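Source file: target.csv (CSV, C-alpha atoms and all ligand atoms)
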chain,number,residue,atom,x,y,z
A,1242,MET,CA,99.3,164.6,115.8
A,1243,ASP,CA,98.5,167.9,117.3
A,1244,ALA,CA,95.9,170.3,116.0
A,1245,GLY,CA,98.4,173.1,116.6
A,1246,ASN,CA,95.7,175.3,118.0
A,1247,THR,CA,97.0,178.4,119.8
A,1248,PRO,CA,95.7,178.5,123.4
A,1249,ALA,CA,93.4,181.5,123.6
A,1250,ARG,CA,93.4,182.7,127.2
A,1251,VAL,CA,91.5,185.9,126.4
A,1252,GLY,CA,88.0,185.9,127.8
A,1253,MET,CA,88.4,182.5,129.5
A,1254,GLU,CA,87.1,182.2,133.0
A,1255,HIS,CA,90.1,179.9,133.9
A,1256,ALA,CA,93.3,181.6,132.9
A,1257,ARG,CA,95.2,179.3,135.3
A,1258,PRO,CA,96.0,175.6,134.8
A,1259,SER,CA,93.6,173.4,136.8
A,1260,ARG,CA,94.8,172.7,140.4
A,1261,THR,CA,92.4,169.8,140.8
A,1262,ALA,CA,93.9,168.1,137.8
A,1263,LEU,CA,97.3,168.3,139.5
A,1264,ARG,CA,95.9,166.8,142.7
A,1265,VAL,CA,94.3,163.9,140.8
A,1266,ALA,CA,97.6,163.3,138.9
A,1267,MET,CA,99.5,163.2,142.2
A,1268,ARG,CA,97.2,160.5,143.6
A,1269,ARG,CA,97.7,158.4,140.5
A,1270,ALA,CA,101.4,158.8,141.0
A,1271,ALA,CA,101.1,157.8,144.7
A,1272,HIS,CA,99.2,154.7,143.6
A,1273,GLN,CA,102.2,153.7,141.5
A,1274,LEU,CA,104.7,154.5,144.2
A,1275,TYR,CA,103.1,153.3,147.4
A,1276,ASP,CA,100.2,150.8,146.9
A,1277,ALA,CA,100.6,147.0,146.9
A,1278,ARG,CA,100.8,145.0,143.7
A,1279,PRO,CA,98.9,144.3,141.6
A,1280,LEU,CA,98.1,147.9,140.9
A,1281,VAL,CA,94.5,148.8,139.9
A,1282,LEU,CA,95.8,151.3,137.3
A,1283,GLU,CA,99.1,150.5,135.7
A,1284,ASP,CA,100.3,153.9,134.6
A,1285,PRO,CA,104.0,154.1,133.9
A,1286,ILE,CA,103.7,157.8,132.9
A,1287,ALA,CA,101.9,158.9,136.1
A,1288,VAL,CA,105.2,159.5,138.0
A,1289,PRO,CA,107.3,160.9,135.1
A,1290,ILE,CA,104.7,163.4,134.1
A,1291,LEU,CA,105.0,165.2,137.5
A,1292,GLY,CA,108.7,165.5,137.1
A,1293,LYS,CA,111.0,167.3,139.6
A,1294,GLU,CA,108.5,170.2,140.0
A,1295,TYR,CA,105.6,168.2,141.5
A,1296,LEU,CA,107.0,164.7,142.5
A,1297,PRO,CA,108.7,165.9,145.6
A,1298,GLU,CA,105.3,167.0,147.0
A,1299,VAL,CA,103.9,163.4,146.5
A,1300,GLU,CA,107.0,162.1,148.4
A,1301,ARG,CA,106.8,164.7,151.1
A,1302,THR,CA,103.1,164.0,151.9
A,1303,ALA,CA,103.5,160.2,151.7
A,1304,THR,CA,102.8,159.6,155.4
A,1305,LYS,CA,99.3,161.2,154.9
A,1306,LEU,CA,98.5,158.8,152.1
A,1307,HIS,CA,97.6,156.1,154.6
A,1308,LYS,CA,94.8,158.1,156.3
A,1309,PRO,CA,91.4,156.6,155.5
A,1310,PHE,CA,90.1,159.6,153.6
A,1311,SER,CA,93.2,159.8,151.5
A,1312,VAL,CA,93.2,156.0,150.8
A,1313,SER,CA,89.5,156.1,149.8
A,1314,LEU,CA,89.9,159.1,147.5
A,1315,ARG,CA,92.9,157.6,145.8
A,1316,ALA,CA,91.1,154.3,145.4
A,1317,PHE,CA,88.1,156.1,143.7
A,1318,LEU,CA,90.4,158.0,141.4
A,1319,VAL,CA,92.4,155.0,140.2
A,1320,ALA,CA,89.2,152.9,139.9
A,1321,ARG,CA,87.5,155.5,137.7
A,1322,SER,CA,90.4,155.7,135.2
A,1323,ARG,CA,90.6,151.9,135.2
A,1324,TYR,CA,86.8,151.6,134.7
A,1325,ALA,CA,87.0,154.0,131.8
A,1326,GLU,CA,89.9,152.2,130.2
A,1327,ASP,CA,88.2,148.8,130.6
A,1328,LEU,CA,85.1,150.1,128.9
A,1329,LEU,CA,87.1,151.8,126.2
A,1330,ALA,CA,88.8,148.4,125.4
A,1331,ARG,CA,85.3,146.9,124.9
A,1332,ALA,CA,84.2,149.9,122.7
A,1333,VAL,CA,87.3,149.5,120.5
A,1334,VAL,CA,86.5,145.8,120.0
A,1335,SER,CA,83.0,146.9,118.9
A,1336,GLY,CA,84.4,149.5,116.4
A,1337,ALA,CA,85.2,152.7,118.3
A,1338,THR,CA,88.0,154.6,116.6
A,1339,GLN,CA,88.0,157.8,118.6
A,1340,TYR,CA,88.4,158.4,122.3
A,1341,VAL,CA,87.5,161.8,123.6
A,1342,LEU,CA,88.7,162.7,127.1
A,1343,LEU,CA,86.6,165.6,128.3
A,1344,GLY,CA,88.5,167.6,130.9
A,1345,ALA,CA,91.5,165.5,130.4
A,1346,GLY,CA,93.8,167.2,132.9
A,1347,LEU,CA,97.0,165.3,133.3
A,1348,ASP,CA,95.5,162.0,132.2
A,1349,THR,CA,98.2,159.9,130.5
A,1350,PHE,CA,96.2,157.4,128.6
A,1351,ALA,CA,97.2,158.9,125.2
A,1352,HIS,CA,100.8,158.2,126.0
A,1353,ARG,CA,100.1,154.5,126.8
A,1354,ASN,CA,97.4,153.9,124.2
A,1355,PRO,CA,97.5,150.2,123.3
A,1356,HIS,CA,94.9,150.4,120.5
A,1357,PRO,CA,96.7,151.1,117.2
A,1358,GLN,CA,93.6,152.4,115.3
A,1359,LEU,CA,92.4,154.7,118.1
A,1360,ARG,CA,92.6,158.5,117.8
A,1361,VAL,CA,92.6,160.3,121.1
A,1362,PHE,CA,91.2,163.8,121.6
A,1363,GLU,CA,92.0,165.6,124.8
A,1364,VAL,CA,89.6,168.4,125.6
A,1365,ASP,CA,90.3,170.9,128.4
A,1366,HIS,CA,90.8,174.6,129.2
A,1367,PRO,CA,93.5,176.1,127.1
A,1368,ALA,CA,95.6,177.1,130.1
A,1369,THR,CA,95.6,173.5,131.5
A,1370,GLN,CA,96.6,172.1,128.1
A,1371,GLU,CA,99.4,174.6,127.7
A,1372,TRP,CA,100.7,173.6,131.2
A,1373,LYS,CA,100.4,169.9,130.3
A,1374,ARG,CA,102.4,170.5,127.1
A,1375,GLU,CA,105.1,172.2,129.2
A,1376,LEU,CA,105.2,169.4,131.7
A,1377,LEU,CA,105.4,166.7,129.0
A,1378,ALA,CA,108.2,168.6,127.2
A,1379,ALA,CA,110.2,169.2,130.5
A,1380,ASN,CA,110.0,165.5,131.3
A,1381,ASN,CA,110.8,164.3,127.8
A,1382,ILE,CA,107.5,162.6,127.2
A,1383,ALA,CA,106.7,162.6,123.5
A,1384,MET,CA,103.4,163.6,122.0
A,1385,PRO,CA,102.0,160.5,120.1
A,1386,ASP,CA,100.8,161.1,116.6
A,1387,SER,CA,97.4,159.7,117.5
A,1388,LEU,CA,96.8,162.5,120.0
A,1389,THR,CA,95.1,165.8,119.3
A,1390,TYR,CA,94.4,168.6,121.8
A,1391,ALA,CA,91.1,170.4,121.5
A,1392,PRO,CA,91.0,173.5,123.7
A,1393,VAL,CA,87.4,174.0,125.0
A,1394,ASP,CA,85.7,175.7,127.9
A,1395,PHE,CA,82.4,173.8,128.3
A,1396,GLU,CA,80.8,176.9,129.9
A,1397,HIS,CA,81.6,179.3,127.1
A,1398,GLN,CA,82.4,177.4,123.9
A,1399,THR,CA,80.6,174.8,121.9
A,1400,LEU,CA,82.3,171.4,122.1
A,1401,PRO,CA,81.3,170.2,118.6
A,1402,GLU,CA,82.9,173.3,116.9
A,1403,GLN,CA,86.1,172.9,118.7
A,1404,LEU,CA,86.3,169.2,118.3
A,1405,LEU,CA,85.6,169.4,114.5
A,1406,ALA,CA,88.2,172.1,114.2
A,1407,ALA,CA,90.6,169.6,115.8
A,1408,GLY,CA,89.8,166.9,113.2
A,1409,TYR,CA,87.2,165.0,115.1
A,1410,ASP,CA,85.0,162.8,112.8
A,1411,SER,CA,81.4,163.0,113.9
A,1412,LYS,CA,80.5,159.8,112.0
A,1413,ALA,CA,83.0,157.6,113.7
A,1414,ILE,CA,82.1,155.5,116.7
A,1415,THR,CA,83.5,157.3,119.7
A,1416,PHE,CA,83.9,156.6,123.4
A,1417,PHE,CA,83.8,159.7,125.7
A,1418,ALA,CA,85.4,159.8,129.2
A,1419,TRP,CA,84.3,162.6,131.5
A,1420,LEU,CA,86.3,161.9,134.6
A,1421,GLY,CA,86.3,164.3,137.6
A,1422,VAL,CA,84.6,167.1,135.6
A,1423,VAL,CA,80.9,166.9,136.1
A,1424,PRO,CA,80.8,168.3,139.7
A,1425,TYR,CA,82.5,171.5,138.5
A,1426,LEU,CA,80.0,172.3,135.7
A,1427,THR,CA,76.8,174.2,135.6
A,1428,HIS,CA,73.8,172.1,134.7
A,1429,ALA,CA,73.5,173.9,131.3
A,1430,ALA,CA,77.1,173.1,130.3
A,1431,PHE,CA,76.6,169.5,131.5
A,1432,ARG,CA,73.4,169.2,129.5
A,1433,SER,CA,74.7,170.7,126.3
A,1434,THR,CA,77.8,168.4,126.4
A,1435,LEU,CA,75.7,165.3,127.0
A,1436,ASP,CA,73.3,166.3,124.2
A,1437,PHE,CA,76.3,166.5,121.8
A,1438,ILE,CA,77.5,163.1,122.9
A,1439,ALA,CA,74.0,161.7,122.3
A,1440,THR,CA,74.3,162.7,118.6
A,1441,SER,CA,77.2,160.2,118.1
A,1442,PRO,CA,76.7,157.1,116.0
A,1443,THR,CA,75.3,153.8,117.4
A,1444,GLY,CA,77.9,151.9,119.4
A,1445,SER,CA,79.3,155.1,120.9
A,1446,GLY,CA,79.4,155.4,124.7
A,1447,VAL,CA,80.2,157.6,127.6
A,1448,VAL,CA,81.7,157.1,131.1
A,1449,MET,CA,81.7,159.7,133.9
A,1450,ASP,CA,81.8,159.9,137.6
A,1451,TYR,CA,79.4,162.0,139.7
A,1452,GLY,CA,78.8,162.9,143.3
A,1453,LEU,CA,75.7,162.5,145.4
A,1454,PRO,CA,74.2,165.7,146.8
A,1455,ARG,CA,75.3,166.6,150.3
A,1456,SER,CA,71.7,166.1,151.6
A,1457,ALA,CA,71.8,162.4,150.4
A,1458,LEU,CA,74.9,161.6,152.4
A,1459,PRO,CA,75.1,160.3,156.0
A,1460,PHE,CA,76.3,162.8,158.6
A,1461,LEU,CA,80.0,161.8,158.6
A,1462,GLU,CA,80.2,161.8,154.8
A,1463,GLN,CA,78.7,165.2,154.8
A,1464,LEU,CA,81.7,166.4,156.9
A,1465,ALA,CA,84.1,164.7,154.4
A,1466,HIS,CA,82.1,166.4,151.5
A,1467,ASP,CA,82.4,169.8,153.2
A,1468,SER,CA,86.2,169.3,153.6
A,1469,LEU,CA,86.7,168.4,150.0
A,1470,ALA,CA,84.3,171.1,148.8
A,1471,SER,CA,86.2,173.8,150.7
A,1472,ARG,CA,89.5,172.5,149.3
A,1473,VAL,CA,88.4,172.7,145.7
A,1474,GLN,CA,86.8,176.1,146.3
A,1475,LEU,CA,90.1,177.3,147.6
A,1476,ALA,CA,91.7,175.9,144.4
A,1477,GLY,CA,89.3,178.2,142.5
A,1478,GLU,CA,87.3,175.2,141.1
A,1479,PRO,CA,84.1,175.1,143.3
A,1480,PHE,CA,81.7,172.1,143.2
A,1481,ARG,CA,78.4,173.0,141.5
A,1482,LEU,CA,76.7,169.9,140.3
A,1483,PHE,CA,75.5,166.8,142.0
A,1484,PHE,CA,72.9,164.1,141.2
A,1485,THR,CA,71.1,161.3,142.8
A,1486,PRO,CA,71.2,158.0,140.8
A,1487,GLU,CA,67.5,158.6,139.8
A,1488,GLN,CA,68.3,162.1,138.5
A,1489,MET,CA,71.3,160.7,136.6
A,1490,ARG,CA,69.2,158.0,135.0
A,1491,ARG,CA,66.8,160.7,133.7
A,1492,GLU,CA,69.7,162.8,132.4
A,1493,LEU,CA,70.9,159.7,130.4
A,1494,ALA,CA,67.4,158.9,129.0
A,1495,ALA,CA,68.7,159.0,125.4
A,1496,PHE,CA,71.3,156.2,126.2
A,1497,HIS,CA,71.0,152.5,126.8
A,1498,ALA,CA,72.6,149.8,128.9
A,1499,LEU,CA,73.3,152.1,131.8
A,1500,GLU,CA,75.6,150.9,134.5
A,1501,ASP,CA,75.7,153.0,137.6
A,1502,ILE,CA,78.0,151.7,140.4
A,1503,GLY,CA,78.9,152.8,143.9
A,1504,SER,CA,81.5,151.8,146.3
A,1505,THR,CA,80.2,148.2,146.9
A,1506,GLU,CA,80.4,147.3,143.2
A,1507,ILE,CA,83.6,149.2,142.7
A,1508,ASN,CA,85.3,147.4,145.6
A,1509,GLU,CA,84.1,144.0,144.4
A,1510,ARG,CA,85.3,144.7,140.9
A,1511,TYR,CA,88.7,146.3,141.6
A,1512,PHE,CA,89.7,146.0,145.3
A,1513,SER,CA,88.8,142.5,146.4
A,1514,HIS,CA,91.6,140.1,147.5
A,1515,ARG,CA,94.2,142.9,147.9
A,1516,GLY,CA,97.1,142.7,150.4
A,1517,ASP,CA,96.5,146.3,151.5
A,1518,ASN,CA,93.5,148.3,152.6
A,1519,LEU,CA,93.0,150.2,149.3
A,1520,LYS,CA,89.3,150.5,148.7
A,1521,VAL,CA,86.5,153.1,148.4
A,1522,LEU,CA,84.7,154.1,151.5
A,1523,GLY,CA,81.2,155.6,151.8
A,1524,SER,CA,78.6,156.4,149.2
A,1525,ALA,CA,79.5,159.9,147.8
A,1526,GLY,CA,81.1,159.0,144.5
A,1527,ARG,CA,79.6,156.9,141.7
A,1528,LEU,CA,80.7,155.7,138.2
A,1529,VAL,CA,78.3,155.6,135.4
A,1530,SER,CA,78.5,154.4,131.8
A,1531,ALA,CA,76.0,154.4,129.0
A,1532,TRP,CA,75.8,153.6,125.3
A,1533,LEU,CA,74.0,154.7,122.2
A,1534,SER,CA,71.7,151.8,121.2
A,1535,GLY,CA,73.4,148.6,120.2
A,1536,ALA,CA,74.9,148.2,123.7
A,1537,VAL,CA,78.5,147.0,123.8
B,1,LIG,C1,89.6,167.2,138.7
B,1,LIG,S1,90.3,167.5,137.1
B,1,LIG,C2,90.2,165.9,136.4
B,1,LIG,C3,91.2,165.7,135.3
B,1,LIG,C4,91.2,164.4,134.6
B,1,LIG,N1,90.0,164.0,134.0
B,1,LIG,C5,91.7,163.3,135.5
B,1,LIG,O1,90.9,162.4,135.9
B,1,LIG,O2,92.9,163.3,135.9
B,1,LIG,C6,89.0,168.4,136.3
B,1,LIG,C7,89.4,168.8,134.9
B,1,LIG,O3,88.2,169.4,134.3
B,1,LIG,C8,88.6,170.5,133.5
B,1,LIG,N2,87.5,171.4,133.5
B,1,LIG,C9,86.7,171.8,134.5
B,1,LIG,N3,85.7,172.7,134.1
B,1,LIG,C10,85.9,172.8,132.7
B,1,LIG,C11,85.3,173.5,131.7
B,1,LIG,N4,84.3,174.3,132.0
B,1,LIG,N5,85.8,173.5,130.4
B,1,LIG,C12,86.8,172.6,130.2
B,1,LIG,N6,87.5,171.9,131.1
B,1,LIG,C13,87.0,172.0,132.4
B,1,LIG,C14,89.8,171.1,134.4
B,1,LIG,O4,90.6,172.0,133.6
B,1,LIG,C15,90.5,169.8,134.8
B,1,LIG,O5,91.5,169.4,133.9

Is it possible to give me this structure as structure tokens?
Ligand SMILES: C[S@@+](CC[C@H](N)C(=O)[O-])C[C@H]1O[C@@H](n2cnc3c(N)ncnc32)[C@H](O)[C@@H]1O
Amino acid sequence: MDAGNTPARVGMEHARPSRTALRVAMRRAAHQLYDARPLVLEDPIAVPILGKEYLPEVERTATKLHKPFSVSLRAFLVARSRYAEDLLARAVVSGATQYVLLGAGLDTFAHRNPHPQLRVFEVDHPATQEWKRELLAANNIAMPDSLTYAPVDFEHQTLPEQLLAAGYDSKAITFFAWLGVVPYLTHAAFRSTLDFIATSPTGSGVVMDYGLPRSALPFLEQLAHDSLASRVQLAGEPFRLFFTPEQMRRELAAFHALEDIGSTEINERYFSHRGDNLKVLGSAGRLVSAWLSGAV
């Protein structure tokens, strides 16, 4: 089901679809096409959603996909989706009936949702959602009845109002995924969104990824950070927000059962015993999950 909200571009900071969402989706597609089996993220929609408009670029740049930085970034991106979907499955067993993807981009979970009772809300800038609808339609990917779009700009609109308008039930146990979004936000937008999540019923949870501040990175990783930062800046979506694990722990003070994992734990969990060299390098990116009392 779709809320049928008309995308309101007027007054929005981002009148263009997200370029970083496209880049992430291309890496998920590359994982399906070029990495060894078993895949870390089985996503049969990742390739079709790009269609003939964007898939040729993945194929054209395939030789670059084996460079260490590219391999590591792809590993991190597929691991964070897999981590979110693994935790979502646990949340569903414990009673979650809503999944809210904050900054959903071209995430395809809603089109592969294996949980019959789970409603999915995709939250993103209106322009990105409109573009996603066009891509789905052009590539004959149906909108499932369980999916609702809630157009929101975290910087300028209040998430609860927009979600409620889209049919979100604030009394239902909900799992929130905030993947690849936090670094692009102001601290105020991050805080108000987290405060809203913290009002969810017991058993609800959140997963997100975040980046360490440049100053906390070893020299070579600072160079990689600068390269990525200049690319996202050029895409019009500059990095703004980083945390140390200690700062993140304080931000999540209202939550319980925190799990905050870096490359060592991510590699142990998802990339050990592989026949290829897919794994996360360095210390820049972390995955964190937290729950509202009654830990799952
Ligand atoms: C790097 S993409 C990640 C997309 C998706 N979560 C994924 O993992 O494929 C960042 C997403 O955050 C969204 N985003 C960034 N800032 C936002 C804001 N202030 N309000 C709403 N969405 C935002 C972008 O439109 C984009 O879809």

Review point. What is the CA of Tyr1390 in chain A-CA of Phe1362 in chain A distance in Å, reported with one decimal?
Key: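 Between CA of Tyr1390 in chain A and CA of Phe1362 in chain A the gap is 5.8 Å.
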
Practice item. Find, counting all atoms listed in the file, the residue in A:Thr1443, A:Ser1534, A:Gln1370, A:Ser1456 that gets nearest to Leu1343 in chain A. Key: A:Gln1370

**Study point:** Length of the atom O2 of ligand LIG 1 (chain B) to CA of Leu1499 in chain A vector [Å]
**Key:**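 Distance reported for this atom pair: 22.9 Å.
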
Practice item. Please check which protein, DNA or RNA residues sit within 6 Å of ligand LIG 1 (chain B), counting all atoms listed in the file, and write them as a list in words. Key: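 These are the residues that qualify: Ser1259, Thr1261, Ala1262, Val1265, Ala1266, Gly1344, Ala1345, Gly1346, Leu1347, Asp1348, Asp1365, His1366, Thr1369, Val1393, Asp1394, Phe1395, Glu1396, Leu1420, Gly1421, Val1422, Tyr1425 and Leu1426 of chain A.
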
Exercise for review: Give the answer as one residue: which of A:Ala1287, A:Leu1453, A:Ala1303, A:Ala1316 has the shortest atom-to-atom distance to Gln1488 in chain A, using all atoms listed in the file?
Suggested key: A:Leu1453

Review point. Could you pull the residues within 12 Å of Ala1498 in chain A, counting all atoms listed in the file, minus those fewer than 4 positions along the same chain, as JSON, numbers by chain?
Key: {"A": [1444, 1445, 1446, 1447, 1448, 1490, 1493, 1494, 1529, 1530, 1531, 1532, 1533, 1534, 1535, 1536, 1537]}

Practice item. Using all atoms listed in the file, collect all residues at a distance of at most 12 Å from (89.8, 150.7, 130.8) as written in the file, then present them as a VMD selection string. Key: chain A and resid 1281 to 1284 1319 to 1333 1340 1350 1353 to 1356 1416 to 1418 1448 1511 1530

Hey, can you spit out that residue selection with C-alpha atoms as a PDB file, keeping the file's coordinate frame?
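Contents of out.pdb, as written:
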ATOM      1  CA  VAL A1281      94.500 148.800 139.900  1.00  0.00           C
ATOM      2  CA  LEU A1282      95.800 151.300 137.300  1.00  0.00           C
ATOM      3  CA  GLU A1283      99.100 150.500 135.700  1.00  0.00           C
ATOM      4  CA  ASP A1284     100.300 153.900 134.600  1.00  0.00           C
ATOM      5  CA  VAL A1319      92.400 155.000 140.200  1.00  0.00           C
ATOM      6  CA  ALA A1320      89.200 152.900 139.900  1.00  0.00           C
ATOM      7  CA  ARG A1321      87.500 155.500 137.700  1.00  0.00           C
ATOM      8  CA  SER A1322      90.400 155.700 135.200  1.00  0.00           C
ATOM      9  CA  ARG A1323      90.600 151.900 135.200  1.00  0.00           C
ATOM     10  CA  TYR A1324      86.800 151.600 134.700  1.00  0.00           C
ATOM     11  CA  ALA A1325      87.000 154.000 131.800  1.00  0.00           C
ATOM     12  CA  GLU A1326      89.900 152.200 130.200  1.00  0.00           C
ATOM     13  CA  ASP A1327      88.200 148.800 130.600  1.00  0.00           C
ATOM     14  CA  LEU A1328      85.100 150.100 128.900  1.00  0.00           C
ATOM     15  CA  LEU A1329      87.100 151.800 126.200  1.00  0.00           C
ATOM     16  CA  ALA A1330      88.800 148.400 125.400  1.00  0.00           C
ATOM     17  CA  ARG A1331      85.300 146.900 124.900  1.00  0.00           C
ATOM     18  CA  ALA A1332      84.200 149.900 122.700  1.00  0.00           C
ATOM     19  CA  VAL A1333      87.300 149.500 120.500  1.00  0.00           C
ATOM     20  CA  TYR A1340      88.400 158.400 122.300  1.00  0.00           C
ATOM     21  CA  PHE A1350      96.200 157.400 128.600  1.00  0.00           C
ATOM     22  CA  ARG A1353     100.100 154.500 126.800  1.00  0.00           C
ATOM     23  CA  ASN A1354      97.400 153.900 124.200  1.00  0.00           C
ATOM     24  CA  PRO A1355      97.500 150.200 123.300  1.00  0.00           C
ATOM     25  CA  HIS A1356      94.900 150.400 120.500  1.00  0.00           C
ATOM     26  CA  PHE A1416      83.900 156.600 123.400  1.00  0.00           C
ATOM     27  CA  PHE A1417      83.800 159.700 125.700  1.00  0.00           C
ATOM     28  CA  ALA A1418      85.400 159.800 129.200  1.00  0.00           C
ATOM     29  CA  VAL A1448      81.700 157.100 131.100  1.00  0.00           C
ATOM     30  CA  TYR A1511      88.700 146.300 141.600  1.00  0.00           C
ATOM     31  CA  SER A1530      78.500 154.400 131.800  1.00  0.00           C
TER      32      SER A1530
END

Exercise for review: Extract, using all atoms listed in the file, all DNA, RNA and protein residues at most 8 Å from Gln1339 in chain A, discarding same-chain residues fewer than 2 positions from it, and format them as a PyMOL selection string.
Suggested key: chain A and resi 1337+1341+1359-1362+1413-1416

Review point. What does the distance from CA of Ala1378 in chain A to CA of Gly1408 in chain A come to in Å, to one decimal?
Key: 23.2 Å

Check your understanding: If we count all atoms listed in the file, what is near Leu1482 in chain A at a cut-off of 12 Å, once residues fewer than 4 positions away on the same chain are taken out, given as a list in words?
Key ->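 Skipping anything fewer than 4 positions along the chain leaves Gly1421, Val1422, Val1423, Pro1424, Tyr1425, Leu1426, Thr1427, His1428, Ala1429, Ala1430, Phe1431, Arg1432, Asp1450, Tyr1451, Gly1452, Leu1453, Pro1454, Arg1455, Ala1470, Glu1478, Gln1488 and Met1489 of chain A.
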
Review point. Looking at A:Ser1513, A:Leu1306, A:Leu1291, A:Ala1368, which one is nearest to Thr1349 in chain A, with distances taken over all atoms listed in the file?
Key: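 Of the candidates, the smallest distance to Thr1349 in chain A is held by A:Leu1291.
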
Add whatever atoms are absent from range 1491-1504 of chain A to reach N, CA, C and O atoms, and provide the output as a compact mmCIF listing (two decimals), in the frame of the given file.
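Wrote it out as part29.txt, contents follow:
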# COMPACT_ATOMS: atom_id res chain seq x y z
N ARG A 1491 67.67 159.85 134.61
CA ARG A 1491 66.80 160.70 133.70
C ARG A 1491 67.70 161.50 132.76
O ARG A 1491 67.35 161.68 131.61
N GLU A 1492 68.85 161.99 133.25
CA GLU A 1492 69.70 162.80 132.40
C GLU A 1492 70.21 161.89 131.19
O GLU A 1492 70.44 162.38 130.09
N LEU A 1493 70.33 160.57 131.46
CA LEU A 1493 70.90 159.70 130.40
C LEU A 1493 69.77 158.94 129.65
O LEU A 1493 70.00 157.89 129.07
N ALA A 1494 68.58 159.57 129.61
CA ALA A 1494 67.40 158.90 129.00
C ALA A 1494 67.67 158.54 127.52
O ALA A 1494 67.10 157.57 127.01
N ALA A 1495 68.52 159.27 126.83
CA ALA A 1495 68.70 159.00 125.40
C ALA A 1495 69.69 157.80 125.21
O ALA A 1495 69.92 157.37 124.08
N PHE A 1496 70.26 157.30 126.30
CA PHE A 1496 71.30 156.20 126.20
C PHE A 1496 70.67 154.90 126.66
O PHE A 1496 69.61 154.84 127.25
N HIS A 1497 71.41 153.83 126.39
CA HIS A 1497 71.00 152.50 126.80
C HIS A 1497 72.05 151.81 127.62
O HIS A 1497 73.16 152.31 127.72
N ALA A 1498 71.70 150.65 128.15
CA ALA A 1498 72.60 149.80 128.90
C ALA A 1498 73.41 150.58 129.94
O ALA A 1498 74.63 150.49 130.05
N LEU A 1499 72.67 151.36 130.71
CA LEU A 1499 73.30 152.10 131.80
C LEU A 1499 73.89 151.22 132.84
O LEU A 1499 73.26 150.23 133.23
N GLU A 1500 75.07 151.56 133.28
CA GLU A 1500 75.60 150.90 134.50
C GLU A 1500 76.02 152.02 135.43
O GLU A 1500 76.78 152.93 135.06
N ASP A 1501 75.49 151.98 136.64
CA ASP A 1501 75.70 153.00 137.60
C ASP A 1501 76.20 152.34 138.89
O ASP A 1501 75.41 151.67 139.55
N ILE A 1502 77.49 152.47 139.23
CA ILE A 1502 78.00 151.70 140.40
C ILE A 1502 78.57 152.56 141.46
O ILE A 1502 79.15 153.61 141.22
N GLY A 1503 78.36 152.09 142.69
CA GLY A 1503 78.90 152.80 143.90
C GLY A 1503 80.00 151.98 144.50
O GLY A 1503 80.51 151.02 143.91
N SER A 1504 80.34 152.35 145.73
CA SER A 1504 81.50 151.80 146.30
C SER A 1504 81.47 150.24 146.46
O SER A 1504 82.49 149.56 146.26
